[in-house]
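A.B. asks: Sharing work.txt here; it has compact mmCIF, C-alpha atoms.
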# COMPACT_ATOMS: atom_id res chain seq x y z
CA MET K 48 -45.18 -13.73 20.04
CA SER K 49 -47.35 -11.52 17.85
CA LEU K 50 -46.11 -8.42 16.12
CA ASP K 51 -48.24 -6.21 18.37
CA ALA K 52 -46.70 -7.67 21.52
CA TRP K 53 -43.23 -7.30 19.98
CA ILE K 54 -43.74 -3.69 18.96
CA SER K 55 -45.19 -2.72 22.35
CA GLU K 56 -41.86 -3.34 24.08
CA PRO K 57 -39.93 -0.04 24.15
CA VAL K 58 -36.57 -1.81 23.86
CA ASN K 59 -37.59 -3.16 20.46
CA TRP K 60 -38.04 0.40 19.20
CA VAL K 61 -34.48 1.12 20.24
CA PHE K 62 -33.42 -2.06 18.47
CA LEU K 63 -35.22 -1.05 15.28
CA VAL K 64 -33.64 2.41 15.20
CA ILE K 65 -30.12 1.11 15.87
CA GLY K 66 -30.53 -1.91 13.59
CA LEU K 67 -31.72 0.13 10.61
CA GLY K 68 -28.87 2.58 11.21
CA VAL K 69 -26.34 -0.26 11.29
CA LEU K 70 -27.75 -1.76 8.08
CA PHE K 71 -27.65 1.59 6.29
CA ALA K 72 -24.07 2.28 7.43
CA ALA K 73 -22.97 -1.22 6.43
CA PHE K 74 -24.57 -0.82 3.01
CA ARG K 75 -22.76 2.47 2.52
CA VAL K 76 -19.45 0.82 3.53
CA VAL K 77 -19.68 -1.50 0.53
CA THR K 78 -21.16 1.01 -1.94
CA ALA K 79 -19.47 4.35 -1.12
CA GLN K 80 -17.41 5.71 -3.99
CA ASN K 81 -14.97 7.42 -1.61
CA VAL K 82 -12.52 5.30 0.38
CA VAL K 83 -12.40 7.58 3.41
CA HIS K 84 -16.21 7.76 3.52
CA ALA K 85 -16.37 3.95 3.48
CA ALA K 86 -14.04 3.77 6.50
CA LEU K 87 -16.06 6.42 8.34
CA TYR K 88 -19.35 4.61 7.62
CA LEU K 89 -17.74 1.54 9.20
CA VAL K 90 -17.38 3.65 12.35
CA GLY K 91 -21.14 4.16 12.26
CA ALA K 92 -21.82 0.45 11.80
CA LEU K 93 -19.49 -0.46 14.68
CA ALA K 94 -20.93 2.18 17.01
CA GLY K 95 -24.42 0.81 16.30
CA THR K 96 -23.20 -2.69 17.04
CA ALA K 97 -21.81 -1.48 20.36
CA GLY K 98 -25.29 -0.08 21.08
CA LEU K 99 -26.81 -3.50 20.35
CA PHE K 100 -24.33 -5.07 22.78
CA LEU K 101 -25.46 -2.60 25.43
CA ILE K 102 -29.08 -3.63 24.81
CA LEU K 103 -28.00 -7.25 25.32
CA SER K 104 -26.33 -6.19 28.60
CA ALA K 105 -22.83 -7.05 27.35
CA GLU K 106 -21.33 -3.83 28.62
CA PHE K 107 -17.64 -4.76 28.66
CA VAL K 108 -17.62 -6.13 25.10
CA ALA K 109 -19.42 -3.00 23.89
CA TRP K 110 -16.69 -0.74 25.24
CA VAL K 111 -13.96 -3.08 24.00
CA LEU K 112 -15.53 -2.75 20.56
CA VAL K 113 -15.49 1.04 20.82
CA LEU K 114 -11.90 1.17 22.07
CA VAL K 115 -10.31 -1.45 19.86
CA TYR K 116 -12.29 -1.01 16.64
CA ILE K 117 -13.27 2.64 16.52
CA GLY K 118 -10.21 3.78 18.44
CA ALA K 119 -7.49 1.68 16.86
CA VAL K 120 -8.52 -0.39 13.85
CA ILE K 121 -10.25 2.47 12.00
CA VAL K 122 -7.23 4.71 12.58
CA LEU K 123 -5.06 1.94 11.13
CA PHE K 124 -7.38 1.74 8.13
CA LEU K 125 -7.22 5.49 7.58
CA PHE K 126 -3.41 5.32 7.72
CA GLY K 127 -3.50 2.46 5.19
CA ILE K 128 -5.77 4.47 2.89
CA MET K 129 -3.55 7.55 3.07
CA ILE K 130 -0.29 5.63 2.62
CA THR K 131 -1.48 3.63 -0.38
CA ARG K 132 -2.68 6.93 -1.83
CA ALA K 133 -5.96 5.35 -2.78
CA PRO K 134 -7.95 8.01 -4.59
CA THR K 135 -9.63 10.08 -1.92
CA GLY K 136 -12.01 11.73 -4.36
CA LEU K 137 -14.87 10.11 -6.23
CA ASP K 138 -13.72 7.11 -8.19
CA GLU K 139 -15.85 4.76 -10.24
CA GLY K 140 -13.08 2.16 -10.32
CA LEU K 141 -13.36 1.14 -6.66
CA SER K 142 -15.96 -1.52 -7.40
CA ALA K 143 -16.20 -4.11 -10.13
CA ASP K 144 -18.62 -3.46 -12.97
CA ARG K 145 -20.49 -6.74 -12.78
CA LYS K 146 -22.54 -6.57 -9.60
CA LEU K 147 -25.50 -8.81 -10.43
CA TRP K 148 -24.07 -12.20 -9.46
CA PRO K 149 -22.47 -11.00 -6.20
CA ALA K 150 -25.78 -9.36 -5.26
CA LEU K 151 -27.76 -12.52 -6.02
CA LEU K 152 -25.25 -14.67 -4.14
CA SER K 153 -25.29 -12.53 -1.01
CA LEU K 154 -29.09 -12.28 -1.16
CA ALA K 155 -29.35 -16.08 -1.37
CA LEU K 156 -26.93 -16.38 1.55
CA PHE K 157 -29.01 -13.95 3.61
CA VAL K 158 -32.26 -15.77 2.83
CA ALA K 159 -30.70 -19.12 3.72
CA MET K 160 -29.26 -17.91 7.03
CA ALA K 161 -32.35 -15.94 8.04
CA TRP K 162 -34.69 -18.78 7.14
CA GLY K 163 -32.53 -21.26 9.02
CA SER K 164 -32.44 -19.21 12.19
CA ILE K 165 -36.18 -18.45 12.05
CA GLU K 166 -36.94 -22.13 11.58
CA ALA K 167 -34.61 -23.13 14.42
CA PHE K 168 -35.39 -20.51 17.06
CA GLY K 169 -38.85 -19.16 16.21
CA THR K 170 -39.77 -16.70 18.92
CA ASP K 171 -37.34 -17.86 21.62
CA PRO K 172 -36.84 -14.90 23.95
CA VAL K 173 -33.55 -13.33 24.92
CA THR K 174 -33.16 -13.41 28.68
CA THR K 175 -31.76 -10.13 29.86
CA THR K 176 -31.57 -9.40 33.55
CA GLY K 177 -31.68 -5.66 32.92
CA SER K 178 -28.29 -5.16 34.56
CA ALA K 179 -24.96 -5.43 32.81
CA THR K 180 -22.91 -8.62 32.97
CA ALA K 181 -20.37 -8.07 35.72
CA THR K 182 -16.94 -7.42 34.25
CA GLU K 183 -15.62 -9.34 37.25
CA LEU K 184 -17.35 -12.46 35.93
CA LEU K 185 -15.79 -11.97 32.49
CA GLY K 186 -12.34 -11.49 34.01
CA GLU K 187 -12.64 -14.61 36.15
CA SER K 188 -13.77 -16.56 33.09
CA LEU K 189 -10.89 -15.21 30.95
CA LEU K 190 -8.22 -16.00 33.50
CA GLY K 191 -9.88 -19.16 34.82
CA ARG K 192 -11.49 -21.58 32.43
CA PHE K 193 -10.22 -19.82 29.29
CA VAL K 194 -6.71 -18.95 30.43
CA VAL K 195 -4.97 -21.12 27.79
CA PRO K 196 -6.84 -19.64 24.79
CA PHE K 197 -6.35 -16.23 26.34
CA GLU K 198 -2.56 -16.67 26.46
CA ILE K 199 -2.52 -18.13 22.94
CA VAL K 200 -4.49 -15.17 21.61
CA SER K 201 -2.08 -12.76 23.28
CA PHE K 202 0.78 -14.64 21.61
CA VAL K 203 -1.01 -14.38 18.25
CA LEU K 204 -1.28 -10.64 18.77
CA LEU K 205 2.45 -10.38 19.54
CA ALA K 206 3.32 -12.50 16.49
CA ALA K 207 1.07 -10.30 14.32
CA LEU K 208 2.77 -7.19 15.65
CA ILE K 209 6.26 -8.48 14.89
CA GLY K 210 5.14 -9.91 11.54
CA GLY K 211 3.50 -6.64 10.54
CA ILE K 212 6.66 -4.68 11.29
CA THR K 213 8.81 -7.21 9.42
CA ILE K 214 6.59 -7.25 6.34
CA ALA K 215 6.02 -3.52 6.13
CA ARG K 216 9.52 -2.23 6.77
CA ARG K 217 11.61 -1.35 3.78
CA ASP K 218 15.02 -2.91 3.22
CA LEU K 219 17.76 -0.37 2.65
CA THR K 220 19.12 -0.05 -0.87
CA PRO K 221 22.90 -0.78 -1.23
CA VAL K 222 23.61 2.95 -1.63
CA GLU K 223 21.77 3.76 1.59
CA GLU K 224 23.57 0.97 3.44
CA GLU K 225 26.93 2.43 2.37
CA GLU K 226 25.87 5.86 3.53
CA ARG K 227 24.81 4.48 6.89
CA ALA K 228 28.08 2.53 7.24
CA SER K 229 30.16 5.63 6.47
CA VAL K 230 28.41 7.71 9.14
CA MET I 26 -36.86 -9.18 22.64
CA ILE I 27 -36.55 -12.41 20.72
CA VAL I 28 -33.24 -13.91 19.69
CA ASN I 29 -34.18 -13.99 16.01
CA GLN I 30 -34.20 -10.24 15.55
CA PHE I 31 -30.48 -10.20 16.32
CA LEU I 32 -29.75 -13.30 14.25
CA VAL I 33 -31.50 -11.90 11.17
CA LEU I 34 -29.71 -8.57 11.54
CA ALA I 35 -26.37 -10.39 11.82
CA ALA I 36 -27.23 -12.47 8.73
CA ALA I 37 -27.98 -9.26 6.81
CA LEU I 38 -24.68 -7.71 7.92
CA PHE I 39 -22.80 -10.86 6.92
CA ALA I 40 -24.46 -10.89 3.48
CA ILE I 41 -23.58 -7.22 2.97
CA GLY I 42 -19.98 -8.06 3.91
CA ILE I 43 -19.89 -10.90 1.36
CA TYR I 44 -21.29 -8.55 -1.29
CA GLY I 45 -18.59 -5.95 -0.55
CA LEU I 46 -15.92 -8.64 -0.57
CA LEU I 47 -16.98 -9.72 -4.06
CA ILE I 48 -17.50 -6.36 -5.77
CA ARG I 49 -14.69 -4.24 -4.33
CA ARG I 50 -11.44 -3.84 -6.24
CA ASN I 51 -9.38 -1.92 -3.69
CA ILE I 52 -7.67 -4.20 -1.14
CA VAL I 53 -8.28 -1.82 1.77
CA LEU I 54 -12.01 -1.82 1.02
CA ILE I 55 -12.01 -5.63 0.87
CA LEU I 56 -10.50 -5.64 4.37
CA LEU I 57 -13.27 -3.28 5.50
CA SER I 58 -15.85 -5.78 4.24
CA VAL I 59 -14.12 -8.56 6.19
CA GLU I 60 -14.43 -6.42 9.32
CA LEU I 61 -18.18 -6.14 8.69
CA MET I 62 -18.47 -9.93 8.54
CA LEU I 63 -16.49 -10.42 11.75
CA ASN I 64 -18.78 -7.88 13.37
CA ALA I 65 -21.84 -9.90 12.34
CA VAL I 66 -20.31 -12.96 14.00
CA ASN I 67 -19.84 -10.96 17.21
CA ILE I 68 -23.53 -9.99 17.23
CA ASN I 69 -24.43 -13.67 16.94
CA LEU I 70 -22.13 -14.63 19.81
CA ILE I 71 -23.53 -11.98 22.14
CA ALA I 72 -27.15 -12.78 21.21
CA PHE I 73 -26.70 -16.49 21.89
CA GLU I 74 -24.89 -15.74 25.12
CA SER I 75 -27.85 -13.62 26.16
CA MET I 76 -30.32 -16.34 25.18
CA LEU I 77 -28.56 -19.23 26.91
CA ASP I 78 -27.47 -17.16 29.91
CA THR I 79 -24.29 -19.15 30.50
CA PRO I 80 -22.78 -18.89 33.98
CA GLU I 81 -19.28 -18.02 32.75
CA ALA I 82 -20.28 -15.49 30.06
CA ILE I 83 -18.73 -17.76 27.42
CA GLY I 84 -20.22 -15.88 24.46
CA GLN I 85 -18.70 -12.61 25.60
CA VAL I 86 -15.32 -14.25 26.14
CA PHE I 87 -15.36 -15.53 22.56
CA ALA I 88 -16.46 -12.14 21.26
CA VAL I 89 -13.37 -10.67 22.93
CA PHE I 90 -11.24 -13.34 21.24
CA VAL I 91 -12.79 -12.56 17.84
CA ILE I 92 -12.09 -8.84 18.33
CA THR I 93 -8.45 -9.60 19.22
CA VAL I 94 -7.91 -11.84 16.21
CA ALA I 95 -9.58 -9.23 13.97
CA ALA I 96 -7.16 -6.59 15.24
CA ALA I 97 -4.20 -8.89 14.47
CA GLU I 98 -5.67 -9.63 11.03
CA VAL I 99 -5.96 -5.93 10.20
CA GLY I 100 -2.36 -5.29 11.27
CA ILE I 101 -0.97 -8.07 9.09
CA GLY I 102 -3.36 -7.33 6.23
CA LEU I 103 -2.44 -3.66 6.01
CA ALA I 104 1.26 -4.52 6.23
CA ILE I 105 0.84 -6.82 3.23
CA VAL I 106 -1.15 -4.14 1.36
CA LEU I 107 1.64 -1.68 2.09
CA MET I 108 4.29 -4.04 0.71
CA ILE I 109 2.23 -4.82 -2.41
CA PHE I 110 1.69 -1.12 -2.98
CA ARG I 111 5.41 -0.43 -2.63
CA ASN I 112 6.30 -3.11 -5.16
CA ARG I 113 3.53 -2.59 -7.70
CA GLN I 114 2.33 1.01 -7.10
CA SER I 115 -1.26 -0.18 -6.88
CA ALA I 116 -3.76 -1.29 -4.23
CA ASN I 117 -6.05 -2.83 -6.82
CA VAL I 118 -6.67 -6.59 -6.85
CA ASP I 119 -7.01 -6.61 -10.64
CA ASP I 120 -3.36 -5.56 -10.93
CA LEU I 121 -2.10 -8.47 -8.83
CA ASN I 122 -1.49 -10.93 -11.66
CA LEU I 123 1.95 -12.09 -10.54
CA MET I 124 0.80 -15.53 -9.38
CA ARG I 125 -1.94 -15.98 -11.96
CA TRP I 126 -1.51 -18.99 -14.20
How would this structure read if it were set down as structure tokens?

C.D. replies:
Amino acid sequence: MSLDAWISEPVNWVFLVIGLGVLFAAFRVVTAQNVVHAALYLVGALAGTAGLFLILSAEFVAWVLVLVYIGAVIVLFLFGIMITRAPTGLDEGLSADRKLWPALLSLALFVAMAWGSIEAFGTDPVTTTGSATATELLGESLLGRFVVPFEIVSFVLLAALIGGITIARRDLTPVEEEERASV
Amino acid sequence: MIVNQFLVLAAALFAIGIYGLLIRRNIVLILLSVELMLNAVNINLIAFESMLDTPEAIGQVFAVFVITVAAAEVGIGLAIVLMIFRNRQSANVDDLNLMRW
């Protein structure tokens, strides 16, 4: 497929706009000098990703991403930032000073992965029917063929919940225990 | 649409996540970078699902699994960060030298 044919499809324009936005937001997540800004840029990156899922007609996953990530995980991150009293103003100490080798390493990784996928898939098209994948199909798949992994994952989530509470809760000091016993 | 445009974008997101993972000092920001990488994996899963057009929407099912595990990971990770902060009054990986030989 030539570049002209690619650029003449309107959906590719949408992809370019969203993709560049996602890349910019992701870059700001790792370079922002303000912790809260980094978390809010992650919201932008995730919202763009949800848009890409909509382009690929994966409607249910897109809204799961919005609900679970933007609705819950980011809020959790903001709580974590506020509780650990990470500096909310500008701070030069958020990133390490030596950035050259990490930059080279990640660039090499990107080139390797991009080259590999271009070599392997060339111009293979994505087949979209234009209508969203039926959520009914996804539900039947989750509770049919994938019911065992589904139950295991729900158990993992429960274990993580209990583990998180156990790790994060504070043991009472002996003085406090005495006070509680006397009441 | 070709599948490669999504794969290259996901590769770029993953590389940015690796970069953040390596340069950040604050543990919360390292967790944010990990989220970026998991997100790149999700884009790959959905793109391949769209390319192969599987009858049972397998790629989307696995994307849902990845999202679930990521949520569990964030819960545990932030609990650990909270405990470290309570014990050492810092959320900076450079200060965590307790188990360094």

A.B. asks: Output the contact residues of chain I with respect to chain K at a cut-off of 6 Å, based on only C-alpha atoms, as an MDAnalysis selection string.

C.D. replies: chainID I and resid 26:28 33 36:37 40 44:45 48:51 75:76 81 97 101 104 108

A.B. asks: To one decimal place in Å, what is the distance between CA of Ile109 (chain I) and CA of Leu121 (chain I)?

C.D. replies: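 We find that CA of Ile109 (chain I) and CA of Leu121 (chain I) lie 8.6 Å from each other.
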
A.B. asks: Between CA of Leu101 (chain K) and CA of Phe39 (chain I), what is the spacing in Å?

C.D. replies: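 One can read the CA of Phe39 (chain I) to CA of Leu101 (chain K) distance as 20.4 Å.
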
A.B. asks: First collect every listed atom of region 33-46 of chain I; then fit an axis-aligned box around them, widen it by 4 Å on each side, and give centre and edge lengths in Å to one decimal, as JSON.

C.D. replies:
{"center_x": -23.7, "center_y": -9.2, "center_z": 5.3, "size_x": 23.6, "size_y": 14.5, "size_z": 21.1}

A.B. asks: What does the distance between CA of Phe110 (chain I) and CA of Gly91 (chain K) come to in Å, to one decimal place?

C.D. replies: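 Computed distance, CA of Phe110 (chain I) to CA of Gly91 (chain K), equals 28.0 Å.
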